[in-house]
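See structure below.
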Amino acid sequence: MTQEQDFKGKVVLITGAASGIGEATALKFAERGAKVAIGDINEESNKVVQQIKDHGGEAVFFQTNVSNPEEVKALVEQTAAHFGKIDCAFNNAGVLPQIASFIDTTVEEFDKTIAVDLKGVFLCLKYELEYMVQAGGGSIVNTASVAGLIADPDMSPYVAAKHGVVGLTKAAGIEYADKGVRVNAVAPGVTATPLAKEKLEDPEIREEMIGNVPADRAAKPEEIAETVLYLSSDKASYVMAQTYVIDGGQIAH
Ligand SMILES: NC(=O)c1ccc[n+]([C@@H]2O[C@H](COP(=O)([O-])OP(=O)(O)OC[C@H]3O[C@@H](n4cnc5c(N)ncnc54)[C@H](O)[C@@H]3O)[C@@H](O)[C@H]2O)c1
């Protein structure tokens, strides 16, 4: 089998694929033969679906707020009904909180960030695992962050949420390792996506974000996508409950 077709016939569910890392991953999965279902709050996802179809692939968009249990349950059910199965899932939707010191962080901002970045991943895992265990197997990748392993200053809700994603990955990963479902996470460093764009355009903030990155640049979304595809593939058949760091050397520094 050529690498270009290694996901032929597979069905992949991706959240947060209207832009950035999720979009790059959706396009790469589709290039390699997968059928892609996108769950996102943003209707721009339709453009990604169209791009996949224009290249001869199959894709569908279900508008979903990942912090809403009914909507996430429906996303999993609709994906399975539409394509007949789900082989892989990439739980990637996320938001950044306002930059603020711990003391200045509002309770509302904390709740909002946790609802999407942590509860959203919990809900996706819950319903995907339920489906995959009953179906006999599958593979799931969550998007954590280097902020799930070290603390970035002035982003306490995000740091808490992403540490939680690393924890959920371990918890789900060990519980379902013997039931044919592998659960892993990626922990990207600074990545040039709409989420980080505004900050990267300000030279002072850019220096703060990239200054301690040995690679001296942000990651391209496609560089994160490659690791997601590896972890989702059978090549990673003995990789379970792990968080893969893709950070240009940042946290080893
Ligand atoms: N860009 C970075 O530097 C960086 C670094 C580490 C981790 N991450 C993580 O990568 C993931 C993707 O982020 P990105 O950088 O590609 O940003 P992005 O803003 O381009 O993508 C985020 C996606 O999530 C979707 N989304 C937001 N809230 C949602 C909700 N409630 N329900 C459903 N979808 C929702 C958005 O519509 C968008 O499509 C996030 O989890 C983020 O925390 C990003």
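Residue numbering restarts at 1 in every chain; chains get A, B, ... in the order shown in the structure tokens, and ligands count up from 1 in that same order.
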Each residue of chain A lying at most 6 Å from ligand 1 should get a row with its shortest atom-to-atom pair and the distance in Å to one decimal, counting only C-alpha atoms and all ligand atoms; could you produce that, ordered by chain and increasing number, as CSV?
```
residue,atom,partner,partner_atom_place_in_ligand_line,distance
A:Gly16,CA,ligand 1,24 (O),3.5
A:Ala17,CA,ligand 1,39 (O),4.7
A:Ala18,CA,ligand 1,39 (O),3.7
A:Ser19,CA,ligand 1,20 (O),4.2
A:Gly20,CA,ligand 1,16 (O),3.4
A:Ile21,CA,ligand 1,16 (O),3.8
A:Gly22,CA,ligand 1,16 (O),5.6
A:Asp40,CA,ligand 1,34 (N),3.8
A:Ile41,CA,ligand 1,33 (C),4.2
A:Asn42,CA,ligand 1,37 (O),4.6
A:Thr64,CA,ligand 1,33 (C),5.5
A:Asn65,CA,ligand 1,32 (N),3.5
A:Val66,CA,ligand 1,32 (N),4.1
A:Ser67,CA,ligand 1,31 (N),5.6
A:Asn92,CA,ligand 1,41 (O),4.7
A:Ala93,CA,ligand 1,24 (O),3.6
A:Gly94,CA,ligand 1,41 (O),3.6
A:Val95,CA,ligand 1,27 (C),5.3
A:Val116,CA,ligand 1,31 (N),5.1
A:Thr143,CA,ligand 1,41 (O),5.2
A:Ala144,CA,ligand 1,7 (C),5.8
A:Ser145,CA,ligand 1,6 (C),4.0
A:Pro188,CA,ligand 1,6 (C),4.3
A:Gly189,CA,ligand 1,5 (C),4.8
A:Val190,CA,ligand 1,3 (O),3.6
A:Thr191,CA,ligand 1,3 (O),3.7
A:Ala192,CA,ligand 1,1 (N),5.8
A:Thr193,CA,ligand 1,15 (O),4.8
A:Pro194,CA,ligand 1,20 (O),4.5
A:Leu195,CA,ligand 1,19 (O),4.0
A:Ala196,CA,ligand 1,1 (N),4.9
```
| task | Write down as a count of residues only the residues of region 21-132 of chain A whose backbone DSSP state falls under strand (DSSP E or B). | result | 15
Dump as a tab-separated table the rows for residues of region 49-86 of chain A within 9 Å of region 122-125 of chain A: closest atom pair and distance in Å with one decimal, only C-alpha atoms counted, ordered by chain and rising residue number.
```
residue	atom	partner	partner_atom	distance
A:Val66	CA	A:Cys124	CA	7.3
A:Ser67	CA	A:Leu123	CA	7.3
A:Asn68	CA	A:Leu123	CA	8.0
A:Pro69	CA	A:Leu123	CA	6.2
A:Val72	CA	A:Cys124	CA	6.2
A:Lys73	CA	A:Cys124	CA	7.8
A:Leu75	CA	A:Cys124	CA	9.0
A:Val76	CA	A:Cys124	CA	8.1
```
What are the closest atom pairs, with distances in Å to one decimal, for all residues of region 122-193 of chain A lying within 10 Å of region 230-248 of chain A? Consider only C-alpha atoms, order rows by chain and residue number, and present the result as CSV.
```
residue,atom,partner,partner_atom,distance
A:Gly138,CA,A:Ser232,CA,8.6
A:Ser139,CA,A:Ser232,CA,5.6
A:Ile140,CA,A:Ser232,CA,6.7
A:Val141,CA,A:Ser232,CA,6.9
A:Asn142,CA,A:Thr243,CA,8.7
A:Thr143,CA,A:Thr243,CA,9.0
A:Ala144,CA,A:Thr243,CA,7.8
A:Ser145,CA,A:Val245,CA,7.8
A:Val146,CA,A:Val245,CA,6.9
A:Gly148,CA,A:Thr243,CA,9.4
A:Leu149,CA,A:Val245,CA,9.2
A:Val165,CA,A:Thr243,CA,9.4
A:Val166,CA,A:Thr243,CA,6.6
A:Gly167,CA,A:Ala241,CA,9.1
A:Leu168,CA,A:Ala241,CA,8.9
A:Thr169,CA,A:Ala241,CA,5.5
A:Lys170,CA,A:Ala241,CA,4.5
A:Ala171,CA,A:Ala241,CA,7.4
A:Ala172,CA,A:Ala241,CA,7.2
A:Gly173,CA,A:Ala241,CA,4.1
A:Ile174,CA,A:Ala241,CA,6.1
A:Glu175,CA,A:Ala241,CA,9.3
A:Tyr176,CA,A:Met240,CA,9.3
A:Ala177,CA,A:Met240,CA,6.8
A:Gly180,CA,A:Ser237,CA,9.7
A:Val181,CA,A:Met240,CA,8.8
A:Arg182,CA,A:Met240,CA,5.4
A:Val183,CA,A:Ala241,CA,5.4
A:Asn184,CA,A:Ala241,CA,4.9
A:Ala185,CA,A:Thr243,CA,4.4
A:Val186,CA,A:Tyr244,CA,4.7
A:Ala187,CA,A:Val245,CA,4.6
A:Pro188,CA,A:Ile246,CA,4.8
A:Gly189,CA,A:Asp247,CA,4.1
A:Val190,CA,A:Asp247,CA,6.9
A:Thr191,CA,A:Asp247,CA,8.5
```
| query | Of the candidates A:Ala74, A:Leu200, A:Ile38, A:Ala100, which shows the shortest atom-to-atom distance to Asp152 (chain A), using only C-alpha atoms? | reply |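 Smallest distance to Asp152 (chain A) is found for A:Ala100.
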| request: Go through A:Ala215, A:Gln134, A:Asp202, A:Pro157 and flag the residue nearest Glu108 (chain A), using only C-alpha atoms for the distances. | output: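 Residue with the minimum atom-to-atom distance to Glu108 (chain A): A:Pro157.
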| query | Hey, can you check how far CA of Val60 (chain A) sits from CA of Asp117 (chain A)? | reply | 23.0 Å
| query | What is the distance between CA of Leu27 (chain A) and CA of Val48 (chain A), in Å to one decimal? | reply |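 Taking CA of Leu27 (chain A) as the start and CA of Val48 (chain A) as the end point, the length is 7.6 Å.
Our summary of the geometry notes that CA of Lys162 (chain A) is positioned 27.3 Å from CA of Ala30 (chain A).
Proximity ranking of A:Glu201, A:Glu77, A:Asp104, A:Glu130 relative to Met155 (chain A) places A:Asp104 first, based on only C-alpha atoms.
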| said: Can you pull out every residue from region 24-125 of chain A that DSSP, working from the backbone, puts in alpha helix (DSSP H), and format the result as a VMD selection string? | reply: chain A and resid 24 to 31 45 to 54 69 to 83 107 to 114 120 to 125
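Shortest separation to Glu31 (chain A) among A:Asp54, A:Asp216, A:Glu44, A:Glu71 occurs at residue A:Asp54, atoms counted being only C-alpha atoms.
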| message | Measuring between only C-alpha atoms, which one of A:Ser156, A:Gln50, A:Thr79, A:Asn212 shows the shortest distance to Val107 (chain A)? | response |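 Of the candidates, the smallest distance to Val107 (chain A) is held by A:Ser156.
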| said: Give me the residues near Lys85 (chain A) as a count of residues only, where near means some atom within 12 Å (using only C-alpha atoms) and where sequence neighbours in that chain fewer than 4 positions away do not count. | reply: 24
| Given the choices A:Cys88, A:Ile99, A:Thr25, A:Ala161, which gets closest to Asp111 (chain A) if the distance is worked out from only C-alpha atoms? |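 Between A:Cys88, A:Ile99, A:Thr25, A:Ala161, the residue approaching Asp111 (chain A) most closely is A:Ala161.
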